[in-house]
Each structure stands twice: as structure tokens, then as C-alpha cells.
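Visitor: Here it is, the structure in full.
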Amino acid sequence: MRFQAAVLRSYDAPFTLEEVELRAEPAAGELLVEIAGTGMCRTDLAVRRSAGRSPVPAVLGHEGAGTVVRTGDGPDTGIGVGDHVVLSFDSCGHCPTCRGAAPAYCDSFASLNLFGGRGEKPARLTDTSGNALAPRWFGQSSFAEYALVPARNAVRVDPALPLELLGPLGCGALTGAGAVLNTFEAGPGDTLVVLGAGAVGLTAVMAATAAGALTVAVDRHPERLAAAERFGAIALPAASPDLPERIHRLTDGGARYALDTTASPPLINQALHALRPTGSLGLVARLHTPLTLEPGTLDRGRSVRHICEGDAVPALLIPRLIALWRAGRFPFDELIRTYPLSGINEAERDCDAGRVVKPVLLPDKASG
């Protein structure tokens with residue numbers, strides 16, 4: 001079958017909207033999904049600086065949501081034709097971490113999600129000249145009208161929900177909220193510092209507010225700080241003098257948890273200084289420079305760890321976030337601005353410039 005997709009042909013080129021060809025039917029355990037909307041995440045854009053590790057030309061996109069139009073033969077996956085689904089990351093399902101309910105740390109996570117997905121010959125996704133396109137970005141490649149995905153990626157949702165807006169629940173919102181609800185298990189009386197008030201940081205703020213935790217948000221953009229305040233956080237500019245001391249005063253002796261979404265070594269060090277004894281810092285952004293910790297940052301039982309995909313089992317966390325949203329306690333949709341898929345380059349420019357927190361791309365036939 002042929003359909004429209006946004007193709008990244010080289011690391012420094014704009015996306016091009018092209019007709020592509022899917023040369024495969026769903027295999028056992030797979031679903032063909034008609035995409036209603038897909039979020040644009042910083043991880044998609046990071047392919048540009050992947051130093052060749054992520055292959056191009058490729059169809060990216062990993063925050064898809066849509067309707068199942070075909071299923072593969074084989075054992076029942078619990079998802080059928082006509083079901084509405086949110087798509088999340090891929091995992092193998094049988095390694096020790098997957099069996100231990102930690103699919104975000106799957107032994108094959110990098111190969112399945114970041115480096116082109118499962119290799120197939122002949123290629124299952126090509127351009128109209130027959131040239132292979134790297135498929136299965138995070139098991140999806142959902143910057144397209146259709147995506148062929150493992151059923152493990154898909155979480156069935158209520159068809160009454162606005163499907164085109166739900167894609168960010170599969171990664172960005174999953175990461176921010178999951179860090180708060182799963183990793184930290186924050187609750188009433190806890191204190192949290194969130195560094196960076198982008199999509200991940202603001203959904204972390206929302207989740208912390210919903211959980212009853214006191215939250216301090218740190219960012220350099222006044223409009224992002226205003227959003228964090230609207231969602232229940234105390235806002236502090238990143239350039240605040242004596243930032244750790246101010247956080248200590250606001251949190252009565254230091255925060256119990258901190259979440260960094262910036263990958264800024266100076267801010268990471270300040271966050272560690274702002275923790276109370278035995279406090280924990282979680283890192284969700286990929287570091288691009290060496291991280292040198294200042295003396296004393298890990299004293300008194302403080303710890304630091306990386307958090308992948310909010311430590312989430314998507315089939316458990318996505319319904320929980322939807323329930324919070326329906327209750328008015330997780331307004332992630334307020335971060336979204338929609339664009340037609342043909343406007344993907346405008347969406348990327350707006351994202352890079354900070355004019356939009358969470359772009360969501362709608363296939364042109366749906367947006368028109």
C-alpha cells in the first residue's frame with residue numbers, strides 16, 4: 001500500500017512529504033494503524049545530531065495515536081480492527097528486564113527503538129523508487145498516514161476520547177509523569193524540583209500537583225515559568241542567584257526529589273545541592289558533554305540515576321494518565337498545538353524556537 005509520510009533524507013535536510021510504499025502485511029502480533037495524530041518529540045529531532053547512529057533516509061515519529069485497520073494472524077493480542085490505540089516504545093518482551101515489568105530497559109531497546117528497528121530484507125518501507133527507508137522508529141515511524149507496529153507498542157483507549165491529541169501520552173507525557181508517579185512515587189508532603197519546563201518538565205509538574213507534592217520549576221523562559229505556575233508549581237528563573245539556597249528555603253530544608261530535563265551540567269549540580277539528605281535526582285535528557293559533579297553533591301546519601309520512559313509499563317500508565325486528564329488533574333492537552341503533517345518543518349522550527357511546547361502533526365487528509 002502507498003501513503004504519505006514525512007521523510008528525513010539527511011541529517012541536515014528538511015523533512016519532505018512523500019509517497020511511500022509499505023511492502024508488507026501485518027505479521028503475527030502486529031497491527032496496521034491509521035494515524036490520527038502524532039506528537040513531535042525532541043528525541044525525533046535529536047536524530048540530526050546522532051553522528052550517523054540513526055540511519056537515514058528514515059520515517060521518524062514515535063508519539064502516534066490512531067485506529068487499527070488490520071491485524072496479523074496468530075494469537076489474539078487483545079486489540080482488534082476498529083480499536084483506538086496510543087502507540088508507545090518498542091520492547092522485546094522476553095529479556096530479563098521485560099519479564100521484570102521494566103520494558104523501558106529492554107536489553108534490545110537501542111536496536112528496536114533508536115537505530116532503525118528490526119532489519120528486514122527486502123525492505124518493508126520504501127520510497128516510490130524502491131529505495132529503502134529506515135522503518136520502525138520506536139516501533140512506529142508514525143510521521144505518516146499509517147504505521148505498522150508491534151501490538152506490544154499499542155495501548156487501547158476509549159473511542160470517545162480525542163484520539164488525535166493522545167499521542168504525546170506515549171512518550172513525552174509518559175516520561176515526565178512516569179518519573180514522578182513511578183520512579184519517585186511522589187505523594188502528599190513530598191517536594192520536587194523540575195529543571196526545564198518543556199513538555200516533559202511540565203507534565204512532571206502536572207503529575208506532581210495531582211499527587212499532592214510541592215513542586216518548584218526552574219527554567220530560563222518566563223512564559224514556560226508562567227505555565228508551570230498555572231499547573232501548580234512555584235517558579236524560579238534558572239539564573240536566580242543562590243538557586244540551591246532558595247530551593248532549600250521553599251522546601252523546608254531541601255527537595256526530596258529533582259528531575260532534570262535540560263542536560264545542563266551546571267543546573268544538575270545546583271539541583272544536587274538543592275536536595276535534602278538521601279534525596280534523589282533523576283536525569284531524563286541525554287547528556288552531550290561530560291558531567292562533572294562538584295564536591296559535596298553526593299554527600300549525605302544523595303543519589304543520581306537515569307530514568308528512561310518514566311519507568312513505565314505503557315499499558316498501565318497511559319490509562320492512569322487518561323483518568324487523571326478526564327478528572328481535570330492532568331491537562332496535557334493545554335501544551336499542544338496542531339499542525340498538518342505537511343507543516344512538519346514549521347513545527348520543528350517552532351519547537352526549536354520555543355514557540356510551542358508540544359507540536360502534534362495531523363495527517364493532511366485528517367487536518368484538512
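We label chains A, B, ... in the order they appear in the C-alpha cells, count residues from 1 in each chain, and number ligands from 1 in the order shown.
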Return as CSV the residues of segment 215-293 of chain A lying at most 10 Å from segment 301-319 of chain A, together with the closest atom-to-atom pair for each and the distance in Å to one decimal, counting only C-alpha atoms, with rows in chain order and ascending residue number.
Guide:
```
residue,atom,partner,partner_atom,distance
A:Arg256,CA,A:Arg302,CA,9.4
A:Tyr257,CA,A:Arg302,CA,9.7
A:Ala258,CA,A:Val304,CA,9.3
A:Leu259,CA,A:Ile307,CA,9.3
A:Asp260,CA,A:His306,CA,9.7
A:Ile268,CA,A:Val304,CA,9.7
A:Leu272,CA,A:Arg302,CA,7.5
A:His273,CA,A:Arg302,CA,9.2
A:Leu275,CA,A:Arg302,CA,7.3
A:Arg276,CA,A:Arg302,CA,7.7
A:Pro277,CA,A:Gly301,CA,5.8
A:Thr278,CA,A:Gly301,CA,4.2
A:Gly279,CA,A:Arg302,CA,4.9
A:Ser280,CA,A:Ser303,CA,4.9
A:Leu281,CA,A:Val304,CA,4.7
A:Gly282,CA,A:Arg305,CA,5.2
A:Leu283,CA,A:His306,CA,4.6
A:Val284,CA,A:Ile307,CA,5.3
A:Ala285,CA,A:His306,CA,8.5
A:Arg286,CA,A:His306,CA,9.1
```
Visitor: Restrict the selected residues to C-alpha atoms and save them as a PDB file, in the first residue's frame.
Guide:
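Final output, again15.pdb:
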```
ATOM      1  CA  ARG A 256      13.330  15.135  48.317  1.00  0.00           C
ATOM      2  CA  TYR A 257      13.406  14.666  44.535  1.00  0.00           C
ATOM      3  CA  ALA A 258      14.706  16.523  41.499  1.00  0.00           C
ATOM      4  CA  LEU A 259      14.092  15.840  37.818  1.00  0.00           C
ATOM      5  CA  ASP A 260      16.416  17.246  35.175  1.00  0.00           C
ATOM      6  CA  ILE A 268      22.374  19.384  37.504  1.00  0.00           C
ATOM      7  CA  LEU A 272      22.015  18.063  43.678  1.00  0.00           C
ATOM      8  CA  HIS A 273      22.982  20.843  46.100  1.00  0.00           C
ATOM      9  CA  LEU A 275      18.388  18.105  47.645  1.00  0.00           C
ATOM     10  CA  ARG A 276      17.845  17.189  51.254  1.00  0.00           C
ATOM     11  CA  PRO A 277      19.837  14.275  52.768  1.00  0.00           C
ATOM     12  CA  THR A 278      19.019  10.973  50.959  1.00  0.00           C
ATOM     13  CA  GLY A 279      17.384  12.976  48.147  1.00  0.00           C
ATOM     14  CA  SER A 280      17.338  11.623  44.598  1.00  0.00           C
ATOM     15  CA  LEU A 281      17.955  13.263  41.229  1.00  0.00           C
ATOM     16  CA  GLY A 282      16.608  11.704  38.025  1.00  0.00           C
ATOM     17  CA  LEU A 283      18.053  12.505  34.599  1.00  0.00           C
ATOM     18  CA  VAL A 284      15.848  12.078  31.518  1.00  0.00           C
ATOM     19  CA  ALA A 285      17.735  14.109  28.902  1.00  0.00           C
ATOM     20  CA  ARG A 286      20.711  12.701  27.008  1.00  0.00           C
TER      21      ARG A 286
END
```
Visitor: What parts of segment 231-308 of chain A does DSSP call strand (DSSP E or B)? I'd like the answer as a list of chain:residue names.
Guide: A:Ile234, A:Ala235, A:Leu236, A:Pro237, A:Ala255, A:Arg256, A:Tyr257, A:Ala258, A:Leu259, A:Asp260, A:Leu275, A:Arg276, A:Pro277, A:Thr278, A:Gly279, A:Ser280, A:Leu281, A:Gly282, A:Leu283, A:Ser303, A:Val304, A:Arg305, A:His306
Visitor: Looking at A:Asn269, A:Val155, A:Asp127, A:Val149, which one is nearest to Leu195 of chain A, with distances taken over only C-alpha atoms?
Guide: A:Asn269
Visitor: Hey, which of A:Ile35, A:Ala65, A:Leu225, A:Ala102 ends up closest to Thr183 of chain A? Count only C-alpha atoms.
Guide: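 Selected residue with least distance to Thr183 of chain A: A:Ala102.
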Visitor: Which neighbours of Gly61 of chain A fall inside 12 Å, counting only C-alpha atoms, when residues of the same chain fewer than 4 positions from it are skipped, and could you give them as a VMD selection string?
Guide: chain A and resid 5 to 8 15 35 37 to 47 65 87 to 89 113 to 114 116 134 to 147 167 to 168 170 to 171 341 344 359 to 362
Visitor: Between A:Val86, A:Gly93, A:Thr126, A:Ser111, which is the closest to Val59 of chain A once you count only C-alpha atoms?
Guide: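 So, comparing all the options, the nearest one is A:Thr126.
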Visitor: Report as number ranges by chain all protein, DNA and RNA residues lying within 9 Å of Asp83 of chain A, evaluated on only C-alpha atoms, omitting residues in the same chain fewer than 3 positions from it.
Guide: A: 66-69, 79-80, 156-159
Visitor: Calculated over only C-alpha atoms, which of the candidates A:Thr289, A:Ala101, A:Glu346, A:Ala28 has the smallest distance to Thr262 of chain A?
Guide: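 So, comparing all the options, the nearest one is A:Thr289.
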Visitor: As a ChimeraX atom specification, please: the residues near Gly29 of chain A (cut-off 12 Å, only C-alpha atoms, same-chain neighbours under 5 positions excluded).
Guide: /A:70-80,92-93,148-154
Visitor: Those selected residues, please, written with N, CA and C atoms and delivered as a JSON list (two decimals), in the first residue's frame.
Guide:
```json
[["chain", "number", "residue", "atom", "x", "y", "z"],
["A", 70, "ARG", "N", -5.95, -3.17, 10.42],
["A", 70, "ARG", "CA", -5.64, -4.54, 10.03],
["A", 70, "ARG", "C", -4.81, -5.18, 11.13],
["A", 71, "THR", "N", -4.97, -6.46, 11.32],
["A", 71, "THR", "CA", -4.17, -7.19, 12.31],
["A", 71, "THR", "C", -3.55, -8.41, 11.66],
["A", 72, "GLY", "N", -2.45, -8.88, 12.22],
["A", 72, "GLY", "CA", -1.81, -10.08, 11.73],
["A", 72, "GLY", "C", -2.49, -11.33, 12.26],
["A", 73, "ASP", "N", -2.27, -12.42, 11.54],
["A", 73, "ASP", "CA", -2.77, -13.71, 12.02],
["A", 73, "ASP", "C", -1.95, -14.14, 13.23],
["A", 74, "GLY", "N", -2.47, -15.08, 13.97],
["A", 74, "GLY", "CA", -1.73, -15.59, 15.12],
["A", 74, "GLY", "C", -2.51, -15.42, 16.39],
["A", 75, "PRO", "N", -1.84, -15.60, 17.53],
["A", 75, "PRO", "CA", -2.53, -15.50, 18.82],
["A", 75, "PRO", "C", -3.18, -14.13, 19.01],
["A", 76, "ASP", "N", -4.30, -14.13, 19.72],
["A", 76, "ASP", "CA", -5.04, -12.90, 19.99],
["A", 76, "ASP", "C", -4.20, -11.96, 20.84],
["A", 77, "THR", "N", -4.05, -10.71, 20.39],
["A", 77, "THR", "CA", -3.28, -9.71, 21.14],
["A", 77, "THR", "C", -4.18, -8.89, 22.06],
["A", 78, "GLY", "N", -5.49, -9.07, 21.96],
["A", 78, "GLY", "CA", -6.40, -8.26, 22.75],
["A", 78, "GLY", "C", -6.76, -6.95, 22.08],
["A", 79, "ILE", "N", -6.22, -6.71, 20.89],
["A", 79, "ILE", "CA", -6.51, -5.48, 20.14],
["A", 79, "ILE", "C", -6.98, -5.89, 18.76],
["A", 80, "GLY", "N", -8.12, -5.31, 18.31],
["A", 80, "GLY", "CA", -8.69, -5.71, 17.04],
["A", 80, "GLY", "C", -8.96, -4.54, 16.12],
["A", 92, "CYS", "N", 11.28, -6.09, 23.55],
["A", 92, "CYS", "CA", 11.28, -7.47, 23.05],
["A", 92, "CYS", "C", 10.28, -8.35, 23.76],
["A", 93, "GLY", "N", 10.01, -8.09, 25.05],
["A", 93, "GLY", "CA", 9.04, -8.87, 25.80],
["A", 93, "GLY", "C", 9.56, -10.12, 26.47],
["A", 148, "LEU", "N", 2.92, 0.48, 10.78],
["A", 148, "LEU", "CA", 2.86, -0.95, 11.06],
["A", 148, "LEU", "C", 3.65, -1.19, 12.33],
["A", 149, "VAL", "N", 2.97, -1.65, 13.40],
["A", 149, "VAL", "CA", 3.58, -1.64, 14.72],
["A", 149, "VAL", "C", 3.38, -2.99, 15.41],
["A", 150, "PRO", "N", 4.29, -3.34, 16.33],
["A", 150, "PRO", "CA", 4.03, -4.49, 17.21],
["A", 150, "PRO", "C", 2.86, -4.16, 18.15],
["A", 151, "ALA", "N", 2.04, -5.16, 18.41],
["A", 151, "ALA", "CA", 0.94, -4.94, 19.33],
["A", 151, "ALA", "C", 1.44, -4.53, 20.72],
["A", 152, "ARG", "N", 2.68, -4.93, 21.06],
["A", 152, "ARG", "CA", 3.26, -4.52, 22.35],
["A", 152, "ARG", "C", 3.35, -3.01, 22.47],
["A", 153, "ASN", "N", 3.44, -2.32, 21.33],
["A", 153, "ASN", "CA", 3.55, -0.85, 21.35],
["A", 153, "ASN", "C", 2.22, -0.17, 21.64],
["A", 154, "ALA", "N", 1.11, -0.87, 21.46],
["A", 154, "ALA", "CA", -0.19, -0.23, 21.40],
["A", 154, "ALA", "C", -0.97, -0.40, 22.70]]
```
Visitor: Just the residues within 8 Å of Ser342 of chain A, please, counting only C-alpha atoms, with nothing from its chain fewer than 6 positions along; format it as a list in words.
Guide: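 Non-adjacent residues within range: Ala6, Leu17, Pro363 and Asp364 of chain A.
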Visitor: Point out the residue among A:His94, A:His248, A:Arg2, A:Arg49 with the least atom-to-atom distance to Gly130 of chain A, counting only C-alpha atoms.
Guide: A:Arg2
Visitor: Using only C-alpha atoms, which protein or nucleic acid residues come within 7 Å of Thr209 of chain A? Drop anything in the same chain fewer than 4 positions from it, and give the result as a list in words.
Guide: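 My list of contacting residues is Val205, Ala213 and Gly232 of chain A.
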Visitor: Just list as a PDB file with C-alpha atoms, in the first residue's frame whatever in segment 95-210 of chain A DSSP marks as alpha helix (DSSP H).
Guide:
```pdb
ATOM      1  CA  PRO A  96      15.041 -10.287  31.983  1.00  0.00           C
ATOM      2  CA  THR A  97      14.083  -6.609  32.283  1.00  0.00           C
ATOM      3  CA  CYS A  98      10.969  -7.000  30.131  1.00  0.00           C
ATOM      4  CA  ARG A  99       9.936 -10.025  32.173  1.00  0.00           C
ATOM      5  CA  PHE A 109      15.877  -1.096  23.495  1.00  0.00           C
ATOM      6  CA  ALA A 110      18.515   0.694  21.399  1.00  0.00           C
ATOM      7  CA  SER A 111      18.295  -1.615  18.411  1.00  0.00           C
ATOM      8  CA  LEU A 112      14.484  -1.726  18.439  1.00  0.00           C
ATOM      9  CA  ASN A 113      13.879   1.982  19.009  1.00  0.00           C
ATOM     10  CA  GLY A 172       6.779  12.834  26.396  1.00  0.00           C
ATOM     11  CA  ALA A 173       3.988  12.837  28.957  1.00  0.00           C
ATOM     12  CA  LEU A 174       4.797   9.237  29.870  1.00  0.00           C
ATOM     13  CA  THR A 175       8.380  10.279  30.646  1.00  0.00           C
ATOM     14  CA  GLY A 176       7.601  13.317  32.774  1.00  0.00           C
ATOM     15  CA  ALA A 177       4.629  11.950  34.657  1.00  0.00           C
ATOM     16  CA  GLY A 178       6.160   8.485  34.973  1.00  0.00           C
ATOM     17  CA  ALA A 199       6.790  19.133  27.554  1.00  0.00           C
ATOM     18  CA  VAL A 200       8.466  16.571  29.836  1.00  0.00           C
ATOM     19  CA  GLY A 201       9.018  19.045  32.657  1.00  0.00           C
ATOM     20  CA  LEU A 202       5.503  20.472  32.561  1.00  0.00           C
ATOM     21  CA  THR A 203       3.861  17.048  32.546  1.00  0.00           C
ATOM     22  CA  ALA A 204       6.042  16.193  35.541  1.00  0.00           C
ATOM     23  CA  VAL A 205       4.697  19.326  37.244  1.00  0.00           C
ATOM     24  CA  MET A 206       1.130  18.274  36.424  1.00  0.00           C
ATOM     25  CA  ALA A 207       1.682  14.787  37.815  1.00  0.00           C
ATOM     26  CA  ALA A 208       3.316  16.131  40.981  1.00  0.00           C
ATOM     27  CA  THR A 209       0.428  18.527  41.538  1.00  0.00           C
ATOM     28  CA  ALA A 210      -2.047  15.695  41.012  1.00  0.00           C
TER      29      ALA A 210
END
```
Visitor: Please compute the atom CA of Ala197 of chain A-atom CA of Pro244 of chain A distance, one decimal, in Å.
Guide: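 Rounded to one decimal, the two atoms are 17.6 Å apart.
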Visitor: Would you mind reading off the distance between atom CA of Pro290 of chain A and atom CA of Val194 of chain A, one decimal, in Å?
Guide: 21.1 Å
Visitor: Please report the interatomic distance between atom CA of Ala217 of chain A and atom CA of Gly196 of chain A in Å with one decimal.
Guide: 7.1 Å
